[in-house]
$ cat protein30.csv   # CSV, C-alpha atoms and all ligand atoms
chain,number,residue,atom,x,y,z
A,27,MET,CA,-25.2,-11.0,12.6
A,28,SER,CA,-22.8,-8.6,14.2
A,29,ALA,CA,-19.9,-6.8,12.4
A,30,PRO,CA,-16.8,-9.0,12.1
A,31,LYS,CA,-13.5,-7.7,13.5
A,32,LEU,CA,-11.2,-7.3,10.6
A,33,PHE,CA,-7.7,-8.2,11.5
A,34,SER,CA,-7.0,-8.5,7.8
A,35,PRO,CA,-4.8,-6.3,5.6
A,36,GLY,CA,-7.7,-4.5,3.9
A,37,PRO,CA,-10.5,-3.9,3.8
A,38,ILE,CA,-10.3,-2.5,7.3
A,39,MET,CA,-12.7,-1.2,9.9
A,40,VAL,CA,-13.2,2.5,9.4
A,41,LYS,CA,-13.8,5.2,12.0
A,42,GLU,CA,-17.5,6.3,12.4
A,43,ASN,CA,-16.9,9.7,10.9
A,44,VAL,CA,-15.6,8.0,7.7
A,45,ARG,CA,-18.7,5.9,7.5
A,46,GLN,CA,-20.9,8.9,8.0
A,47,ALA,CA,-19.1,10.8,5.3
A,48,LEU,CA,-20.6,8.3,2.8
A,49,THR,CA,-24.1,9.8,3.4
A,50,HIS,CA,-23.1,13.2,2.0
A,51,TYR,CA,-25.6,14.6,-0.4
A,52,ASP,CA,-24.9,13.8,-4.1
A,53,ILE,CA,-22.8,16.2,-6.1
A,54,CYS,CA,-21.7,16.3,-9.8
A,55,HIS,CA,-18.0,15.8,-10.5
A,56,ARG,CA,-17.9,18.6,-13.0
A,57,GLY,CA,-18.8,21.3,-10.5
A,58,ALA,CA,-17.0,23.6,-8.0
A,59,GLU,CA,-17.9,21.5,-4.9
A,60,PHE,CA,-16.2,18.4,-6.3
A,61,GLU,CA,-13.2,20.5,-7.4
A,62,ASP,CA,-12.8,21.9,-3.9
A,63,LEU,CA,-13.0,18.4,-2.5
A,64,PHE,CA,-10.5,17.0,-5.0
A,65,ALA,CA,-8.1,19.9,-4.2
A,66,ARG,CA,-8.4,19.4,-0.5
A,67,ALA,CA,-8.0,15.6,-0.6
A,68,THR,CA,-5.0,15.7,-3.0
A,69,ALA,CA,-3.2,18.3,-0.9
A,70,LYS,CA,-3.6,16.0,2.1
A,71,ILE,CA,-2.3,13.0,0.2
A,72,ASN,CA,0.8,15.1,-0.5
A,73,LYS,CA,1.1,15.6,3.3
A,74,LEU,CA,0.7,11.9,3.9
A,75,PHE,CA,3.8,11.3,1.8
A,76,LYS,CA,5.6,14.4,3.2
A,77,ALA,CA,5.7,15.8,-0.3
A,78,ASP,CA,6.7,19.4,-1.1
A,79,ASP,CA,5.4,21.6,-3.9
A,80,SER,CA,7.4,19.7,-6.4
A,81,TYR,CA,4.9,16.8,-6.1
A,82,SER,CA,1.3,16.5,-7.2
A,83,SER,CA,-1.3,13.9,-6.2
A,84,MET,CA,-4.1,12.3,-8.2
A,85,ILE,CA,-7.0,10.1,-7.1
A,86,ILE,CA,-8.0,7.1,-9.2
A,87,SER,CA,-11.3,5.3,-8.8
A,88,GLY,CA,-10.1,1.7,-8.5
A,89,SER,CA,-8.3,-0.7,-6.2
A,90,GLY,CA,-4.6,-0.5,-5.2
A,91,THR,CA,-3.7,-2.3,-8.4
A,92,SER,CA,-5.2,0.5,-10.5
A,93,SER,CA,-2.8,3.0,-9.0
A,94,ASN,CA,0.2,0.7,-9.7
A,95,GLU,CA,-1.1,-0.1,-13.2
A,96,THR,CA,-1.6,3.6,-13.9
A,97,VAL,CA,2.1,4.3,-13.2
A,98,LEU,CA,3.5,1.3,-14.9
A,99,SER,CA,1.4,1.6,-18.1
A,100,SER,CA,2.0,5.4,-18.5
A,101,VAL,CA,5.7,6.2,-17.9
A,102,PHE,CA,7.5,4.2,-20.6
A,103,ASN,CA,8.1,5.0,-24.2
A,104,LYS,CA,8.5,1.9,-26.4
A,105,GLY,CA,11.7,0.1,-25.5
A,106,GLU,CA,12.4,1.9,-22.2
A,107,LYS,CA,13.3,-0.4,-19.4
A,108,VAL,CA,12.2,-1.1,-15.9
A,109,MET,CA,14.2,-2.7,-13.1
A,110,LEU,CA,11.9,-4.6,-10.7
A,111,ILE,CA,13.1,-5.4,-7.2
A,112,ARG,CA,10.8,-8.1,-5.8
A,113,ASN,CA,10.6,-10.5,-2.8
A,114,GLY,CA,7.0,-11.6,-2.5
A,115,VAL,CA,3.5,-11.9,-4.0
A,116,PHE,CA,3.0,-8.2,-4.5
A,117,GLY,CA,6.3,-7.8,-6.3
A,118,GLU,CA,5.0,-10.6,-8.5
A,119,ARG,CA,1.9,-8.6,-9.1
A,120,LEU,CA,4.0,-5.7,-10.4
A,121,LEU,CA,5.8,-8.2,-12.6
A,122,GLU,CA,2.5,-9.3,-14.0
A,123,ILE,CA,1.6,-5.7,-15.0
A,124,ILE,CA,5.1,-5.2,-16.5
A,125,GLN,CA,4.8,-8.3,-18.5
A,126,LYS,CA,1.3,-7.5,-19.7
A,127,TYR,CA,2.5,-4.2,-21.1
A,128,GLU,CA,5.6,-5.9,-22.5
A,129,ILE,CA,7.9,-3.4,-20.8
A,130,PRO,CA,11.6,-4.5,-21.1
A,131,LEU,CA,12.6,-5.8,-17.7
A,132,VAL,CA,15.7,-6.2,-15.5
A,133,ASP,CA,14.5,-8.6,-12.9
A,134,CYS,CA,16.1,-8.2,-9.5
A,135,GLU,CA,14.5,-11.1,-7.7
A,136,PHE,CA,15.0,-12.1,-4.1
A,137,GLN,CA,13.3,-15.1,-2.3
A,138,TRP,CA,10.0,-14.5,-0.7
A,139,GLY,CA,10.7,-13.1,2.8
A,140,GLU,CA,14.4,-12.4,1.9
A,141,TYR,CA,15.5,-8.9,2.7
A,142,PRO,CA,16.6,-7.2,-0.5
A,143,ASP,CA,20.4,-6.8,-0.6
A,144,VAL,CA,21.2,-3.1,-1.4
A,145,GLU,CA,24.7,-4.0,-2.7
A,146,ILE,CA,23.2,-6.4,-5.3
A,147,ILE,CA,20.7,-3.7,-6.2
A,148,ASP,CA,23.5,-1.1,-6.6
A,149,LYS,CA,25.5,-3.5,-8.8
A,150,ALA,CA,22.4,-4.2,-10.9
A,151,MET,CA,21.7,-0.6,-11.5
A,152,ALA,CA,25.4,0.1,-12.3
A,153,ALA,CA,25.3,-2.8,-14.9
A,154,HIS,CA,22.1,-1.6,-16.6
A,155,LYS,CA,22.6,2.0,-17.3
A,156,ASP,CA,19.6,2.1,-19.7
A,157,ILE,CA,17.0,1.5,-17.0
A,158,LYS,CA,14.5,4.3,-16.8
A,159,VAL,CA,12.5,3.3,-13.7
A,160,VAL,CA,13.3,1.2,-10.7
A,161,ALA,CA,10.1,-0.3,-9.1
A,162,MET,CA,9.6,-2.0,-5.8
A,163,VAL,CA,7.0,-2.7,-3.1
A,164,CYS,CA,7.5,-0.7,0.2
A,165,HIS,CA,5.7,-3.1,2.5
A,166,GLU,CA,5.5,-6.6,1.0
A,167,THR,CA,2.2,-7.5,2.5
A,168,SER,CA,2.5,-11.2,1.7
A,169,THR,CA,5.3,-11.6,4.3
A,170,GLY,CA,4.9,-8.4,6.4
A,171,MET,CA,8.4,-7.3,5.4
A,172,LEU,CA,9.3,-3.6,5.2
A,173,ASN,CA,11.7,-3.2,2.3
A,174,PRO,CA,14.7,-0.8,2.3
A,175,VAL,CA,13.0,1.9,0.3
A,176,LYS,CA,15.0,4.8,1.6
A,177,GLU,CA,18.3,3.0,0.8
A,178,VAL,CA,17.1,2.0,-2.7
A,179,GLY,CA,16.0,5.6,-3.2
A,180,GLN,CA,19.5,6.8,-2.6
A,181,ILE,CA,20.9,4.3,-5.1
A,182,CYS,CA,18.3,5.6,-7.7
A,183,LYS,CA,19.6,9.1,-7.0
A,184,LYS,CA,23.2,8.0,-7.5
A,185,TYR,CA,22.3,6.6,-10.9
A,186,GLY,CA,19.7,9.2,-11.9
A,187,LYS,CA,16.7,6.7,-12.1
A,188,TRP,CA,13.1,7.3,-11.5
A,189,PHE,CA,11.9,5.4,-8.5
A,190,PHE,CA,8.4,3.9,-8.3
A,191,VAL,CA,7.2,2.6,-4.9
A,192,ASP,CA,4.1,0.5,-4.5
A,193,SER,CA,3.0,1.8,-1.1
A,194,VAL,CA,-0.4,0.2,-1.2
A,195,SER,CA,-0.1,-1.4,2.3
A,196,ALA,CA,2.4,1.2,3.6
A,197,ALA,CA,1.0,4.7,3.2
A,198,ALA,CA,-0.3,6.0,6.5
A,199,GLY,CA,1.1,2.9,8.2
A,200,GLU,CA,4.8,3.6,7.8
A,201,LEU,CA,6.8,6.8,7.6
A,202,ILE,CA,7.3,7.6,3.9
A,203,ASP,CA,9.0,10.8,2.9
A,204,VAL,CA,9.0,11.0,-0.9
A,205,VAL,CA,11.5,13.8,-0.9
A,206,ASP,CA,14.0,12.3,1.5
A,207,PHE,CA,13.6,8.8,-0.1
A,208,ASN,CA,13.9,10.2,-3.6
A,209,ILE,CA,10.6,8.6,-4.7
A,210,THR,CA,9.3,9.7,-8.1
A,211,PHE,CA,5.9,7.9,-7.8
A,212,ALA,CA,4.2,6.5,-4.7
A,213,THR,CA,0.8,4.7,-4.9
A,214,SER,CA,-1.8,3.6,-2.4
A,215,VAL,CA,-5.4,3.1,-1.7
A,216,GLY,CA,-7.9,4.3,1.0
A,217,GLY,CA,-8.9,0.9,2.3
A,218,LYS,CA,-5.7,0.0,4.1
A,219,CYS,CA,-3.6,1.9,6.7
A,220,LEU,CA,-5.3,5.2,5.9
A,221,GLY,CA,-8.6,3.9,7.2
A,222,ALA,CA,-10.9,4.7,4.3
A,223,TYR,CA,-12.7,2.4,1.8
A,224,PRO,CA,-11.4,0.2,-1.0
A,225,GLY,CA,-11.8,1.8,-4.5
A,226,SER,CA,-10.2,5.1,-3.7
A,227,ALA,CA,-6.6,4.7,-5.0
A,228,TYR,CA,-4.1,7.5,-5.4
A,229,VAL,CA,-0.8,8.4,-6.9
A,230,CYS,CA,1.7,11.0,-5.7
A,231,GLY,CA,4.2,11.9,-8.3
A,232,LYS,CA,7.1,14.3,-8.9
A,233,LYS,CA,5.9,17.1,-11.2
A,234,GLU,CA,9.2,17.1,-13.1
A,235,ALA,CA,8.6,13.5,-14.2
A,236,LEU,CA,4.8,14.0,-14.6
A,237,ALA,CA,5.4,16.9,-17.0
A,238,THR,CA,7.4,14.6,-19.4
A,239,LEU,CA,4.5,12.2,-19.8
A,240,THR,CA,2.1,12.4,-22.8
A,241,PRO,CA,-1.3,10.7,-23.1
A,242,GLU,CA,0.1,8.8,-26.1
A,243,MET,CA,2.7,7.1,-23.8
A,244,GLY,CA,-0.1,5.7,-21.8
A,245,ARG,CA,-1.0,2.2,-23.0
A,246,ASN,CA,-4.6,2.2,-22.0
A,247,VAL,CA,-7.4,4.7,-21.8
A,248,TYR,CA,-8.6,4.8,-18.2
A,249,LEU,CA,-5.4,4.4,-16.2
A,250,ASN,CA,-3.6,7.1,-18.1
A,251,LEU,CA,-1.3,9.1,-15.8
A,252,ALA,CA,-0.7,12.0,-18.2
A,253,LYS,CA,-4.5,12.5,-18.5
A,254,HIS,CA,-5.0,12.2,-14.8
A,255,TYR,CA,-2.3,14.7,-14.2
A,256,ALA,CA,-3.6,17.2,-16.8
A,257,TYR,CA,-7.1,17.0,-15.3
A,258,ALA,CA,-5.8,17.3,-11.7
A,259,GLU,CA,-3.5,20.3,-12.5
A,260,GLN,CA,-5.8,22.2,-14.7
A,261,LYS,CA,-9.2,21.5,-13.2
A,262,ASN,CA,-9.0,19.6,-9.9
A,263,GLN,CA,-11.0,16.9,-11.7
A,264,THR,CA,-10.6,13.3,-13.0
A,265,PRO,CA,-10.7,12.4,-16.7
A,266,ASN,CA,-13.7,10.0,-16.2
A,267,THR,CA,-16.6,9.8,-13.8
A,268,PRO,CA,-15.0,9.1,-10.3
A,269,ASN,CA,-16.6,7.3,-7.4
A,270,VAL,CA,-17.6,10.7,-6.0
A,271,ASN,CA,-19.1,9.4,-2.7
A,272,LEU,CA,-15.9,7.6,-1.7
A,273,PHE,CA,-14.1,10.9,-2.1
A,274,TRP,CA,-16.0,12.3,0.9
A,275,ALA,CA,-14.9,9.3,3.0
A,276,LEU,CA,-11.3,9.5,1.8
A,277,ASP,CA,-11.2,13.2,2.7
A,278,VAL,CA,-12.4,12.5,6.2
A,279,ALA,CA,-10.0,9.6,6.6
A,280,LEU,CA,-7.1,11.9,5.5
A,281,ASP,CA,-8.2,14.4,8.2
A,282,ASN,CA,-8.2,11.6,10.8
A,283,ALA,CA,-4.7,10.4,9.8
A,284,LEU,CA,-3.2,13.9,9.8
A,285,ALA,CA,-4.9,15.1,13.0
A,286,ASP,CA,-3.4,15.1,16.5
A,287,GLY,CA,0.2,14.0,16.3
A,288,GLY,CA,-0.1,13.5,12.6
A,289,ILE,CA,1.0,10.4,10.7
A,290,GLU,CA,3.7,9.8,13.3
A,291,ALA,CA,1.1,9.2,16.0
A,292,ARG,CA,-0.8,6.8,13.8
A,293,VAL,CA,2.3,4.8,12.9
A,294,ALA,CA,3.2,4.7,16.6
A,295,ARG,CA,-0.3,3.3,17.4
A,296,TYR,CA,0.1,0.7,14.7
A,297,ARG,CA,3.6,-0.3,16.0
A,298,LYS,CA,2.3,-0.6,19.5
A,299,CYS,CA,-0.6,-2.8,18.4
A,300,ALA,CA,1.7,-5.0,16.2
A,301,GLY,CA,4.1,-5.3,19.2
A,302,ILE,CA,1.2,-6.5,21.5
A,303,LEU,CA,0.1,-9.0,18.9
A,304,ARG,CA,3.6,-10.3,18.2
A,305,GLN,CA,4.5,-10.7,21.8
A,306,GLY,CA,1.2,-12.3,22.6
A,307,MET,CA,1.5,-14.9,19.8
A,308,LYS,CA,5.1,-15.6,20.7
A,309,ASP,CA,4.1,-16.2,24.3
A,310,MET,CA,1.6,-18.8,23.0
A,311,GLY,CA,4.5,-20.6,21.4
A,312,LEU,CA,3.6,-19.6,17.8
A,313,LYS,CA,6.5,-19.0,15.3
A,314,LEU,CA,6.6,-15.8,13.3
A,315,LEU,CA,7.8,-15.9,9.7
A,316,LEU,CA,10.2,-13.0,10.2
A,317,ASP,CA,12.5,-12.7,13.1
A,318,ASP,CA,13.9,-9.2,12.8
A,319,GLU,CA,11.5,-6.7,14.3
A,320,SER,CA,13.2,-3.8,12.5
A,321,ARG,CA,12.4,-5.3,9.2
A,322,MET,CA,8.7,-6.0,10.0
A,323,SER,CA,6.0,-3.6,9.0
A,324,SER,CA,3.8,-1.8,11.6
A,325,THR,CA,0.7,-3.6,10.5
A,326,VAL,CA,1.1,-7.2,9.3
A,327,THR,CA,2.3,-10.2,11.2
A,328,SER,CA,2.8,-13.5,9.5
A,329,VAL,CA,2.6,-16.5,11.8
A,330,PHE,CA,2.5,-20.3,11.6
A,331,LEU,CA,-0.1,-22.4,13.2
A,332,PRO,CA,1.2,-25.1,15.6
A,333,GLU,CA,2.1,-28.3,13.8
A,334,GLY,CA,-0.9,-30.5,12.9
A,335,LYS,CA,-3.5,-27.8,13.1
A,336,ASP,CA,-5.7,-27.4,10.0
A,337,LEU,CA,-5.5,-23.8,8.5
A,338,LYS,CA,-9.0,-23.9,6.9
A,339,LYS,CA,-10.6,-25.0,10.1
A,340,PHE,CA,-8.7,-22.5,12.1
A,341,LEU,CA,-9.8,-19.6,9.8
A,342,LYS,CA,-13.4,-20.8,10.1
A,343,ASP,CA,-13.2,-21.0,13.9
A,344,MET,CA,-11.8,-17.5,14.0
A,345,GLU,CA,-14.6,-16.3,11.7
A,346,VAL,CA,-17.3,-17.9,13.9
A,347,ALA,CA,-15.7,-16.2,16.9
A,348,GLY,CA,-16.1,-12.9,15.0
A,349,TYR,CA,-12.6,-12.3,13.7
A,350,VAL,CA,-11.2,-12.2,10.2
A,351,VAL,CA,-7.5,-13.1,9.6
A,352,TYR,CA,-5.9,-14.0,6.3
A,353,SER,CA,-4.5,-17.2,5.1
A,354,GLY,CA,-0.9,-17.1,3.9
A,355,LYS,CA,-0.4,-17.1,0.1
A,356,GLY,CA,1.1,-19.7,-2.1
A,357,LYS,CA,3.7,-21.9,-0.4
A,358,TYR,CA,3.0,-20.2,2.9
A,359,GLU,CA,-0.6,-21.4,2.9
A,360,GLU,CA,0.6,-25.0,2.6
A,361,MET,CA,2.9,-24.3,5.5
A,362,GLY,CA,0.0,-23.3,7.7
A,363,MET,CA,0.8,-19.7,7.8
A,364,PHE,CA,-1.8,-17.0,8.5
A,365,GLN,CA,-1.6,-13.2,8.7
A,366,VAL,CA,-2.8,-10.9,11.4
A,367,ALA,CA,-3.1,-7.3,10.4
A,368,ASN,CA,-3.8,-4.2,12.6
A,369,MET,CA,-4.8,-1.6,10.1
A,370,GLY,CA,-7.6,0.8,10.6
A,371,GLU,CA,-9.7,1.1,13.8
A,372,ILE,CA,-7.7,-1.3,15.9
A,373,TYR,CA,-6.4,-0.2,19.3
A,374,PRO,CA,-4.2,-1.9,21.9
A,375,GLU,CA,-7.3,-3.2,23.9
A,376,ASP,CA,-8.6,-4.8,20.7
A,377,CYS,CA,-5.3,-6.6,20.3
A,378,GLU,CA,-5.5,-8.0,23.8
A,379,GLU,CA,-9.1,-9.2,23.1
A,380,PHE,CA,-7.9,-10.8,19.9
A,381,LEU,CA,-5.2,-12.7,21.7
A,382,ASN,CA,-7.7,-14.1,24.2
A,383,VAL,CA,-9.9,-15.4,21.4
A,384,LEU,CA,-6.9,-16.8,19.5
A,385,LYS,CA,-5.7,-18.6,22.7
A,386,ASN,CA,-9.1,-20.2,23.2
A,387,ILE,CA,-9.3,-21.4,19.6
A,388,LEU,CA,-5.8,-22.8,19.7
A,389,LYS,CA,-6.5,-24.7,22.9
B,1,LIG,C1,1.6,-4.1,-1.5
B,1,LIG,C2,0.4,-4.3,-2.3
B,1,LIG,N1,0.3,-4.0,-3.6
B,1,LIG,C3,-0.8,-4.1,-4.3
B,1,LIG,C4,-2.0,-4.6,-3.7
B,1,LIG,C5,-3.2,-4.8,-4.6
B,1,LIG,O1,-4.2,-4.0,-4.1
B,1,LIG,P1,-5.7,-4.2,-4.5
B,1,LIG,O2,-6.1,-5.6,-4.1
B,1,LIG,O3,-6.5,-3.1,-3.8
B,1,LIG,O4,-5.8,-4.1,-6.0
B,1,LIG,C6,-2.0,-5.0,-2.4
B,1,LIG,C7,-3.2,-5.6,-1.8
B,1,LIG,O5,-3.2,-6.0,-0.7
B,1,LIG,C8,-0.8,-4.9,-1.7
B,1,LIG,O6,-0.7,-5.2,-0.4

$ encode --input "protein30.csv" --output "structure tokens" --more "lines below"
Ligand SMILES: Cc1ncc(COP(=O)(O)O)c(C=O)c1O
Amino acid sequence: MSAPKLFSPGPIMVKENVRQALTHYDICHRGAEFEDLFARATAKINKLFKADDSYSSMIISGSGTSSNETVLSSVFNKGEKVMLIRNGVFGERLLEIIQKYEIPLVDCEFQWGEYPDVEIIDKAMAAHKDIKVVAMVCHETSTGMLNPVKEVGQICKKYGKWFFVDSVSAAAGELIDVVDFNITFATSVGGKCLGAYPGSAYVCGKKEALATLTPEMGRNVYLNLAKHYAYAEQKNQTPNTPNVNLFWALDVALDNALADGGIEARVARYRKCAGILRQGMKDMGLKLLLDDESRMSSTVTSVFLPEGKDLKKFLKDMEVAGYVVYSGKGKYEEMGMFQVANMGEIYPEDCEEFLNVLKNILK
């Protein structure tokens, strides 16, 4: 069997030097070599988010959810409130975490695929002065919508709220500036736009906020942000045994992302690829879920199959042809929607090839 071409929003195809990094000799996580690696990688995560010295980053061995759960389970004293802005499946995943930890909630819900209205958000924040944290997803992967994170960050600044942004499918794929966007905590994972593997999640947080956290505020043992911060700051280590081998790959992927033209160049490549895919699919007569390019992410396109085509069969046919694309989630699946992503090692010529295969299958 040959390697499938992953046009899915994670896991993604990694660059060869990232794969090779996995073969590094084994080291212990309580030694100087690991500490150097940890310090290097977390400094680069700060760069990815354009953070200055007032931010610190931590790496958590787990999927993207683990980084989100680390923040949400660690930053509230009993009774403190969160306001969640949501407009899709991954906003609902944040809701699930919030409900699991019984954090008092102000729910600012928009329809799936609806662009969050910043006036409504401003009014909600004004009406609920006792909110501690505002949470939202940056790139709502289930639709491909890029949410107004910068604008919401400014509203958080106006009302003096902490701002938590799930950047799982956005970091290294969109331009995120935690200082300029007034973000208190941003999360992500290696196996998406960064071009590393799943299982290497990370959190970038404002030190001023991190310094107020105590291990007792954390509502579980493993995903305890105060503990992760203490280990990171004091020792360049993690509280528990991390997936050491993935750290090598994460470190190389960070180098790749920050090299030559930096993150701007990567985002430009992703935008170009998405543009080729979108135009090509529109030329085939396919309808996209979102119609405003400026509100679409650089890496995910949600598109409907022509009427009468069977989604399951289509996905299978694509797989047999060597390509993995995703089925839409929830009601979108019933509507015959699929998602094409261009994260990781995908270049314009790969997108042209993809379009040829898609055209043949849809014939
Ligand atoms: C925006 C967003 N948040 C959270 C997650 C959950 O990440 P994971 O499946 O790695 O736990 C995803 C996964 O695609 C995502 O796109």

$ residues_near_ligand --input "protein30.csv" --ligand "ligand LIG 1 (chain B)" --cutoff "8 Å" --atoms "all atoms listed in the file" --output "number ranges by chain"
A: 35-36, 88-92, 94, 116-117, 119-120, 163-168, 192-196, 214-215, 217, 224-225, 227

$ residues_around --input "protein30.csv" --residues "range 143-157 of chain A" --least-positions-apart "6" --cutoff "12 Å" --atoms "all atoms listed in the file" --output "PyMOL selection string"
chain A and resi 102-103+105-113+129-137+173-189

$ closest_residue --input "protein30.csv" --among "A:Glu242, A:Glu375, A:Glu345, A:Asp318" --to "Gly139 in chain A" --atoms "all atoms listed in the file"
A:Asp318

$ closest_residue --input "protein30.csv" --among "A:Leu276, A:Leu172, A:Val346, A:Val270" --to "Asp52 in chain A" --atoms "only C-alpha atoms"
A:Val270

$ residues_around --input "protein30.csv" --residues "Tyr228 in chain A" --least-positions-apart "2" --cutoff "7 Å" --atoms "only C-alpha atoms" --output "JSON, numbers by chain"
{"A": [84, 85, 86, 93, 213, 214, 215, 226, 230]}

$ closest_residue --input "protein30.csv" --among "A:Glu259, A:Ala161, A:Trp138, A:Gly221" --to "Arg292 in chain A" --atoms "only C-alpha atoms"
A:Gly221

$ residues_around --input "protein30.csv" --residues "Glu319 in chain A" --least-positions-apart "2" --cutoff "12 Å" --atoms "only C-alpha atoms" --output "list of chain:residue names"
A:Gly170, A:Met171, A:Leu172, A:Arg297, A:Ala300, A:Gly301, A:Arg304, A:Gln305, A:Leu314, A:Leu315, A:Leu316, A:Asp317, A:Arg321, A:Met322, A:Ser323, A:Ser324, A:Thr325, A:Val326, A:Thr327

$ atom_distance --input "protein30.csv" --atom1 "CA of Gly348 in chain A" --atom2 "CA of Pro30 in chain A"
4.9 Å

$ closest_residue --input "protein30.csv" --among "A:Leu32, A:Ile209, A:Ala275, A:Met27" --to "Val366 in chain A" --atoms "only C-alpha atoms"
A:Leu32

$ residues_around --input "protein30.csv" --residues "range 46-51 of chain A" --least-positions-apart "3" --cutoff "12 Å" --atoms "all atoms listed in the file" --output "PyMOL selection string"
chain A and resi 40-43+54+59-60+222-223+269-279+281

$ atom_distance --input "protein30.csv" --atom1 "CA of Gly362 in chain A" --atom2 "CA of Pro142 in chain A"
24.5 Å

$ closest_residue --input "protein30.csv" --among "A:Lys126, A:Lys389, A:Lys355, A:Lys73" --to "Ala197 in chain A" --atoms "only C-alpha atoms"
A:Lys73

$ closest_residue --input "protein30.csv" --among "A:Lys232, A:Lys218, A:Lys31, A:Lys76" --to "Val351 in chain A" --atoms "only C-alpha atoms"
A:Lys31

$ atom_distance --input "protein30.csv" --atom1 "CA of His55 in chain A" --atom2 "CA of Ile289 in chain A"
29.0 Å

$ residues_around --input "protein30.csv" --residues "Asp78 in chain A" --least-positions-apart "3" --cutoff "8 Å" --atoms "only C-alpha atoms" --output "short mmCIF file (atom, residue, chain, number, x, y, z; two decimals) with C-alpha atoms, keeping the file's coordinate frame"
data_model
loop_
_atom_site.label_atom_id
_atom_site.label_comp_id
_atom_site.auth_asym_id
_atom_site.auth_seq_id
_atom_site.Cartn_x
_atom_site.Cartn_y
_atom_site.Cartn_z
CA ASN A 72 0.80 15.10 -0.50
CA TYR A 81 4.90 16.80 -6.10
CA VAL A 205 11.50 13.80 -0.90
#

$ residues_near_point --input "protein30.csv" --point "(4.9, -21.3, -4.2)" --cutoff "12 Å" --atoms "all atoms listed in the file" --output "ChimeraX atom specification"
/A:114-115,118,137-138,168,354-361

$ build_atoms --input "protein30.csv" --residues "range 301-314 of chain A" --atoms "N, CA and C atoms" --output "PDB file, keeping the file's coordinate frame"
ATOM      1  N   GLY A 301       3.186  -4.778  18.150  1.00  0.00           N
ATOM      2  CA  GLY A 301       4.100  -5.300  19.200  1.00  0.00           C
ATOM      3  C   GLY A 301       3.285  -6.166  20.191  1.00  0.00           C
ATOM      4  N   ILE A 302       2.081  -5.722  20.557  1.00  0.00           N
ATOM      5  CA  ILE A 302       1.200  -6.500  21.500  1.00  0.00           C
ATOM      6  C   ILE A 302       0.893  -7.852  20.848  1.00  0.00           C
ATOM      7  N   LEU A 303       0.470  -7.792  19.581  1.00  0.00           N
ATOM      8  CA  LEU A 303       0.100  -9.000  18.900  1.00  0.00           C
ATOM      9  C   LEU A 303       1.259  -9.996  18.781  1.00  0.00           C
ATOM     10  N   ARG A 304       2.407  -9.455  18.389  1.00  0.00           N
ATOM     11  CA  ARG A 304       3.600 -10.300  18.200  1.00  0.00           C
ATOM     12  C   ARG A 304       4.033 -10.968  19.488  1.00  0.00           C
ATOM     13  N   GLN A 305       4.110 -10.157  20.545  1.00  0.00           N
ATOM     14  CA  GLN A 305       4.500 -10.700  21.800  1.00  0.00           C
ATOM     15  C   GLN A 305       3.549 -11.760  22.302  1.00  0.00           C
ATOM     16  N   GLY A 306       2.253 -11.426  22.174  1.00  0.00           N
ATOM     17  CA  GLY A 306       1.200 -12.300  22.600  1.00  0.00           C
ATOM     18  C   GLY A 306       1.269 -13.673  21.891  1.00  0.00           C
ATOM     19  N   MET A 307       1.479 -13.612  20.598  1.00  0.00           N
ATOM     20  CA  MET A 307       1.500 -14.900  19.800  1.00  0.00           C
ATOM     21  C   MET A 307       2.777 -15.649  20.113  1.00  0.00           C
ATOM     22  N   LYS A 308       3.877 -14.930  20.309  1.00  0.00           N
ATOM     23  CA  LYS A 308       5.100 -15.600  20.700  1.00  0.00           C
ATOM     24  C   LYS A 308       4.954 -16.317  22.040  1.00  0.00           C
ATOM     25  N   ASP A 309       4.292 -15.614  22.964  1.00  0.00           N
ATOM     26  CA  ASP A 309       4.100 -16.200  24.300  1.00  0.00           C
ATOM     27  C   ASP A 309       3.213 -17.457  24.222  1.00  0.00           C
ATOM     28  N   MET A 310       2.375 -17.547  23.178  1.00  0.00           N
ATOM     29  CA  MET A 310       1.600 -18.800  23.000  1.00  0.00           C
ATOM     30  C   MET A 310       2.374 -19.877  22.344  1.00  0.00           C
ATOM     31  N   GLY A 311       3.622 -19.582  22.014  1.00  0.00           N
ATOM     32  CA  GLY A 311       4.500 -20.600  21.400  1.00  0.00           C
ATOM     33  C   GLY A 311       4.407 -20.603  19.868  1.00  0.00           C
ATOM     34  N   LEU A 312       3.744 -19.596  19.283  1.00  0.00           N
ATOM     35  CA  LEU A 312       3.600 -19.600  17.800  1.00  0.00           C
ATOM     36  C   LEU A 312       4.906 -18.985  17.213  1.00  0.00           C
ATOM     37  N   LYS A 313       5.227 -19.479  16.005  1.00  0.00           N
ATOM     38  CA  LYS A 313       6.500 -19.000  15.300  1.00  0.00           C
ATOM     39  C   LYS A 313       6.091 -17.977  14.274  1.00  0.00           C
ATOM     40  N   LEU A 314       6.808 -16.858  14.302  1.00  0.00           N
ATOM     41  CA  LEU A 314       6.600 -15.800  13.300  1.00  0.00           C
ATOM     42  C   LEU A 314       7.464 -16.128  12.071  1.00  0.00           C
TER      43      LEU A 314
END
